[in-house]
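This is target.cif (mmCIF, C-alpha atoms).
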```
data_run
#
loop_
_atom_site.label_atom_id
_atom_site.label_comp_id
_atom_site.auth_asym_id
_atom_site.auth_seq_id
_atom_site.Cartn_x
_atom_site.Cartn_y
_atom_site.Cartn_z
CA MET A 102 2.84 -38.65 3.17
CA ALA A 103 0.44 -40.71 5.25
CA ALA A 104 2.12 -39.52 8.44
CA ALA A 105 1.96 -35.88 7.31
CA TYR A 106 -1.72 -36.27 6.44
CA GLY A 107 -2.47 -37.88 9.80
CA VAL A 108 -0.61 -35.22 11.79
CA SER A 109 -2.27 -32.40 9.83
CA LYS A 110 -5.73 -33.83 10.42
CA ALA A 111 -4.98 -34.27 14.12
CA MET A 112 -4.05 -30.59 14.52
CA THR A 113 -6.67 -28.06 15.62
CA PRO A 114 -7.65 -25.84 12.66
CA MET A 115 -6.86 -22.15 13.15
CA PHE A 116 -8.79 -19.33 11.49
CA ARG A 117 -7.65 -15.74 10.89
CA ALA A 118 -9.91 -12.68 10.88
CA THR A 119 -8.46 -9.39 9.68
CA THR A 120 -9.53 -5.79 10.10
CA ILE A 121 -7.82 -2.72 8.64
CA LEU A 122 -7.56 0.55 10.58
CA GLY A 123 -6.66 3.87 9.02
CA ALA A 124 -5.03 6.80 10.79
CA GLY A 125 -5.32 10.43 9.81
CA ALA A 126 -3.85 13.63 11.21
CA SER A 127 -4.49 17.33 10.81
CA VAL A 128 -2.19 20.18 11.84
CA GLY A 129 -3.52 22.46 14.56
CA ALA A 130 -4.22 26.17 14.09
CA SER A 131 -0.96 27.03 15.84
CA GLY A 132 1.01 25.21 13.18
CA ASN A 133 2.31 22.66 15.66
CA ALA A 134 2.65 19.47 13.61
CA SER A 135 4.45 17.19 16.06
CA GLN A 136 1.82 14.45 16.08
CA TYR A 137 1.29 14.77 12.33
CA ILE A 138 5.01 14.27 11.73
CA ALA A 139 5.14 11.39 14.23
CA LEU A 140 2.28 9.69 12.43
CA THR A 141 3.54 10.12 8.88
CA THR A 142 7.09 9.05 9.78
CA GLY A 143 5.78 5.89 11.41
CA GLY A 144 6.60 6.50 15.07
CA LEU A 145 3.03 7.11 16.18
CA LEU A 146 1.71 4.39 13.89
CA ASN A 147 4.09 1.85 15.48
CA GLN A 148 2.95 2.99 18.90
CA TYR A 149 -0.66 2.41 17.91
CA ALA A 150 0.17 -1.07 16.62
CA LYS A 151 1.81 -1.98 19.92
CA ALA A 152 -1.18 -0.62 21.84
CA LEU A 153 -3.52 -2.82 19.80
CA SER A 154 -1.71 -5.96 20.95
CA THR A 155 -1.36 -5.14 24.65
CA ARG A 156 -2.71 -7.29 27.47
CA THR A 157 -4.79 -4.35 28.73
CA LEU A 158 -6.76 -4.03 25.50
CA ALA A 159 -7.06 -7.81 25.23
CA GLN A 160 -8.57 -7.85 28.71
CA GLN A 161 -11.10 -5.17 27.72
CA VAL A 162 -12.08 -7.17 24.64
CA SER A 163 -12.47 -10.35 26.68
CA GLU A 164 -14.71 -8.57 29.20
CA ALA A 165 -16.76 -6.80 26.52
CA LEU A 166 -17.46 -10.05 24.66
CA LYS A 167 -17.76 -12.10 27.87
CA LEU A 168 -15.18 -14.58 26.62
CA ASP A 169 -13.95 -17.41 28.77
CA VAL A 170 -10.42 -16.76 27.52
CA PRO A 171 -7.52 -15.45 29.64
CA ALA A 172 -6.20 -12.05 28.54
CA GLU A 173 -2.69 -13.47 28.06
CA ARG A 174 -3.94 -16.12 25.66
CA LEU A 175 -6.08 -13.62 23.75
CA GLN A 176 -3.11 -11.25 23.52
CA GLY A 177 -1.06 -14.01 21.91
CA GLN A 178 -3.71 -14.39 19.18
CA ILE A 179 -3.51 -10.72 18.16
CA LYS A 180 -0.99 -9.31 15.70
CA ALA A 181 -0.97 -5.69 14.54
CA VAL A 182 1.22 -4.61 11.61
CA PRO A 183 1.52 -0.89 10.66
CA THR A 184 2.09 0.33 7.11
CA THR A 185 3.52 3.84 6.91
CA GLN A 186 2.98 4.16 3.15
CA ASP A 187 -0.80 4.41 3.46
CA LEU A 188 -1.05 5.02 7.25
CA THR A 189 -2.94 1.81 7.97
CA ILE A 190 -2.71 -0.89 10.60
CA ARG A 191 -3.58 -4.48 9.75
CA VAL A 192 -4.92 -6.37 12.76
CA ASP A 193 -4.99 -10.18 12.54
CA VAL A 194 -6.71 -12.37 15.12
CA GLU A 195 -6.19 -16.13 15.01
CA ASP A 196 -8.55 -18.50 16.79
CA SER A 197 -9.85 -22.03 16.53
CA ASP A 198 -13.37 -20.57 16.33
CA PRO A 199 -13.83 -18.50 13.12
CA ASN A 200 -16.78 -16.53 14.50
CA ARG A 201 -14.90 -15.66 17.68
CA ALA A 202 -11.90 -14.52 15.61
CA ARG A 203 -14.18 -12.07 13.77
CA LEU A 204 -15.81 -10.82 16.98
CA VAL A 205 -12.47 -10.24 18.68
CA ALA A 206 -10.98 -8.41 15.68
CA ASN A 207 -13.96 -6.08 15.33
CA LYS A 208 -14.34 -5.42 19.06
CA LEU A 209 -10.62 -4.72 19.33
CA ALA A 210 -10.86 -2.18 16.52
CA GLU A 211 -14.01 -0.65 17.99
CA LEU A 212 -12.49 -0.16 21.45
CA PHE A 213 -9.27 1.28 20.07
CA VAL A 214 -11.06 3.73 17.78
CA LYS A 215 -13.25 4.81 20.70
CA GLN A 216 -10.18 5.26 22.90
CA LYS A 217 -8.42 7.46 20.33
CA GLN A 218 -11.60 9.51 19.81
CA GLU A 219 -11.86 10.15 23.54
CA ASP A 220 -8.20 11.21 23.65
CA ALA A 221 -8.81 13.65 20.79
CA ASN A 222 -11.90 15.09 22.51
CA LYS A 223 -10.01 15.62 25.76
CA ALA A 224 -7.18 17.37 23.95
CA ALA A 225 -9.64 19.56 22.05
CA ALA A 226 -11.39 20.53 25.30
CA VAL A 227 -8.10 21.64 26.83
CA LEU A 228 -6.23 23.12 23.86
CA GLY A 229 -9.00 23.93 21.42
CA GLY A 230 -7.63 24.24 17.89
CA GLN A 231 -4.05 24.62 19.06
CA HIS A 232 -3.18 20.93 18.78
CA ASP A 233 -2.78 18.20 16.18
CA THR A 234 -5.80 15.97 15.69
CA VAL A 235 -5.11 12.30 15.07
CA LEU A 236 -8.09 10.03 14.48
CA VAL A 237 -8.28 6.31 13.79
CA THR A 238 -11.11 4.75 11.79
CA VAL A 239 -12.07 1.27 10.68
CA LEU A 240 -11.47 1.02 6.94
CA ASP A 241 -12.30 -2.65 6.52
CA PRO A 242 -14.04 -4.61 9.29
CA ALA A 243 -13.28 -8.29 9.81
CA TYR A 244 -15.52 -11.00 8.40
CA THR A 245 -15.90 -14.62 9.44
CA PRO A 246 -13.14 -16.65 7.74
CA LYS A 247 -14.45 -19.63 5.80
CA ALA A 248 -11.26 -21.69 5.60
CA PRO A 249 -8.53 -22.29 8.19
CA ILE A 250 -5.07 -20.86 7.60
CA LYS A 251 -3.44 -23.88 9.22
CA PRO A 252 -2.75 -26.70 9.14
CA LYS A 253 -2.17 -26.66 5.38
CA THR A 254 -2.87 -30.36 4.78
CA LYS A 255 -2.26 -30.35 1.02
CA VAL A 256 1.00 -28.43 1.35
CA ASN A 257 2.19 -30.70 4.17
CA VAL A 258 1.35 -33.88 2.24
CA ALA A 259 3.03 -32.55 -0.93
CA ALA A 260 6.14 -31.52 1.02
CA ALA A 261 6.24 -34.94 2.72
CA GLY A 262 5.94 -36.64 -0.69
CA ILE A 263 8.82 -34.64 -2.14
CA LEU A 264 10.94 -35.24 0.96
CA GLY A 265 10.15 -38.96 0.87
CA LEU A 266 11.10 -39.15 -2.81
CA VAL A 267 14.38 -37.32 -2.24
CA LEU A 268 15.27 -39.46 0.77
CA GLY A 269 14.32 -42.63 -1.13
CA VAL A 270 16.53 -41.78 -4.10
CA LEU A 271 19.35 -40.79 -1.75
CA ALA A 272 19.01 -44.08 0.15
CA VAL A 273 19.21 -46.05 -3.13
CA PHE A 274 22.35 -44.21 -4.23
CA LEU A 275 23.98 -44.68 -0.83
CA ALA A 276 23.10 -48.38 -0.77
CA ASP A 277 24.55 -48.82 -4.24
CA TRP A 278 27.66 -46.80 -3.35
CA PHE A 279 28.52 -48.97 -0.33
CA ASP A 280 27.56 -52.26 -1.99
CA ASP A 281 30.78 -54.12 -2.92
CA THR A 282 29.09 -57.24 -4.24
CA LEU A 283 30.38 -58.56 -7.61
CA ARG A 284 27.32 -59.16 -9.74
CA ASP A 285 28.87 -60.50 -12.93
CA ALA A 286 32.16 -61.44 -14.58
CA SER A 287 32.59 -58.05 -16.24
CA GLU A 288 32.75 -56.35 -12.83
CA ALA A 289 35.39 -58.86 -11.70
CA GLU A 290 37.45 -58.23 -14.84
CA GLU A 291 37.32 -54.48 -14.28
CA LEU A 292 38.21 -54.80 -10.59
CA LEU A 293 41.09 -57.27 -11.11
CA ASP A 294 42.25 -55.76 -14.42
CA THR A 295 42.40 -59.19 -16.03
CA ARG A 296 40.40 -61.54 -18.21
CA ILE A 297 38.06 -64.17 -16.80
CA LEU A 298 38.67 -67.45 -18.64
CA ALA A 299 36.07 -69.57 -16.83
CA ALA A 300 33.48 -69.36 -14.11
CA ILE A 301 31.86 -71.92 -11.78
CA PRO A 302 28.09 -71.70 -12.14
CA SER A 303 26.12 -71.07 -8.96
CA ARG A 304 24.03 -74.16 -9.65
#
```

Output the structure of this file as structure tokens.
Amino acid sequence: MAAAYGVSKAMTPMFRATTILGAGASVGASGNASQYIALTTGGLLNQYAKALSTRTLAQQVSEALKLDVPAERLQGQIKAVPTTQDLTIRVDVEDSDPNRARLVANKLAELFVKQKQEDANKAAAVLGGQHDTVLVTVLDPAYTPKAPIKPKTKVNVAAAGILGLVLGVLAVFLADWFDDTLRDASEAEELLDTRILAAIPSR
């Protein structure tokens, strides 16, 4: 337990900021619903989730916030999970700095929403009302997390205590199992299947 506590305290605390994006689609005047179908069946939503965790977008976020963090490292801190039931994307950003985690999550959402809006505007300029419109909005912006998500010191210490108890009990049973010492006359009688008539005292 002491070791688990020490290791947990030595680890760098990590904070998670979360923002929720919502996607919506409308069918164009021509009745072409390809993008609408792709969105509601999850294909387009999965594509959006992958785009949110690309190195390119991470680089844009790093430049926009003037972060001294490589794009590859920032990309590894981003996780986007789509939910087809309600057409949302949960974006988690983990960082050792809680304020930076919030800034990255919100800037990431802002840039992606802007990118999708520009794509929709370009399509509208070319095709007018003859195309599907898919827009992404921020449903729930990220806030500064107040407590780290890891390390979980209490959980680690409790798990170490349970493991130590189990190993301790197991060690006692094993020691007793392999111990062939005769402790008293009754054990000798049972082992030899005979009666002990006399014994020499140890002192």

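Closest approach to A:Ile250 among A:Ala124, A:Ile301, A:Glu195, A:Ala272 is made by A:Glu195 (distances from only C-alpha atoms).
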
Skip A:Lys167 itself and residues of its chain fewer than 4 positions away, then list as a PyMOL selection string all residues within 12 Å of it, counting only C-alpha atoms. chain A and resi 159-163+171-172+201+204-205+208

Hits from the PyMOL selection byres ((chain A and resi 245) around 10), listed as a ChimeraX atom specification: /A:116-119,198-204,243-244,246-248

Identify which of the residues A:Val267, A:Ala260, A:Leu292, A:Ala150 lies closest to A:Leu122, counting only C-alpha atoms when measuring atom-to-atom distances. A:Ala150

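Between atom CA of A:Val239 and atom CA of A:Ile121 lies a distance of 6.2 Å.
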
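Reported to one decimal place, the separation of atom CA of A:Leu168 from atom CA of A:Glu219 is 25.1 Å.
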
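The spacing separating atom CA of A:Ala139 from atom CA of A:Val194 amounts to 26.6 Å.
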
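With all atoms listed in the file as the atoms that count, the minimum distance from A:Ala103 to the choices A:Thr295, A:Pro302, A:Gly262, A:Glu288 is reached by A:Gly262.
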
Using all atoms listed in the file, which residue out of A:Pro183, A:Gly265, A:Gly177, A:Gly107 lies closest to A:Leu140? A:Pro183

Completed stretch 200-217 of chain A (N, CA and C atoms) as a compact mmCIF listing (two decimals), in the frame of the given file:
```txt
# COMPACT_ATOMS: atom_id res chain seq x y z
N ASN A 200 -15.88 -17.61 14.11
CA ASN A 200 -16.78 -16.53 14.50
C ASN A 200 -16.19 -15.70 15.63
N ARG A 201 -15.53 -16.38 16.56
CA ARG A 201 -14.90 -15.66 17.68
C ARG A 201 -13.73 -14.81 17.18
N ALA A 202 -13.00 -15.31 16.19
CA ALA A 202 -11.90 -14.52 15.61
C ALA A 202 -12.44 -13.22 15.04
N ARG A 203 -13.57 -13.29 14.33
CA ARG A 203 -14.18 -12.07 13.77
C ARG A 203 -14.64 -11.11 14.87
N LEU A 204 -15.30 -11.65 15.88
CA LEU A 204 -15.81 -10.82 16.98
C LEU A 204 -14.68 -10.10 17.70
N VAL A 205 -13.60 -10.83 17.97
CA VAL A 205 -12.47 -10.24 18.68
C VAL A 205 -11.82 -9.14 17.85
N ALA A 206 -11.62 -9.40 16.55
CA ALA A 206 -10.98 -8.41 15.68
C ALA A 206 -11.81 -7.13 15.61
N ASN A 207 -13.10 -7.27 15.45
CA ASN A 207 -13.96 -6.08 15.33
C ASN A 207 -14.11 -5.34 16.65
N LYS A 208 -14.22 -6.07 17.74
CA LYS A 208 -14.34 -5.42 19.06
C LYS A 208 -13.04 -4.72 19.42
N LEU A 209 -11.92 -5.33 19.09
CA LEU A 209 -10.62 -4.72 19.33
C LEU A 209 -10.51 -3.39 18.59
N ALA A 210 -10.90 -3.40 17.32
CA ALA A 210 -10.86 -2.18 16.52
C ALA A 210 -11.82 -1.13 17.08
N GLU A 211 -13.00 -1.58 17.46
CA GLU A 211 -14.01 -0.65 17.99
C GLU A 211 -13.52 0.04 19.26
N LEU A 212 -12.96 -0.73 20.18
CA LEU A 212 -12.49 -0.16 21.45
C LEU A 212 -11.31 0.79 21.23
N PHE A 213 -10.43 0.43 20.31
CA PHE A 213 -9.27 1.28 20.07
C PHE A 213 -9.68 2.59 19.42
N VAL A 214 -10.57 2.52 18.44
CA VAL A 214 -11.06 3.73 17.78
C VAL A 214 -11.76 4.64 18.80
N LYS A 215 -12.55 4.05 19.66
CA LYS A 215 -13.25 4.81 20.70
C LYS A 215 -12.26 5.48 21.65
N GLN A 216 -11.21 4.74 22.00
CA GLN A 216 -10.18 5.26 22.90
C GLN A 216 -9.47 6.46 22.28
N LYS A 217 -9.11 6.36 21.00
CA LYS A 217 -8.42 7.46 20.33
C LYS A 217 -9.35 8.67 20.16
```
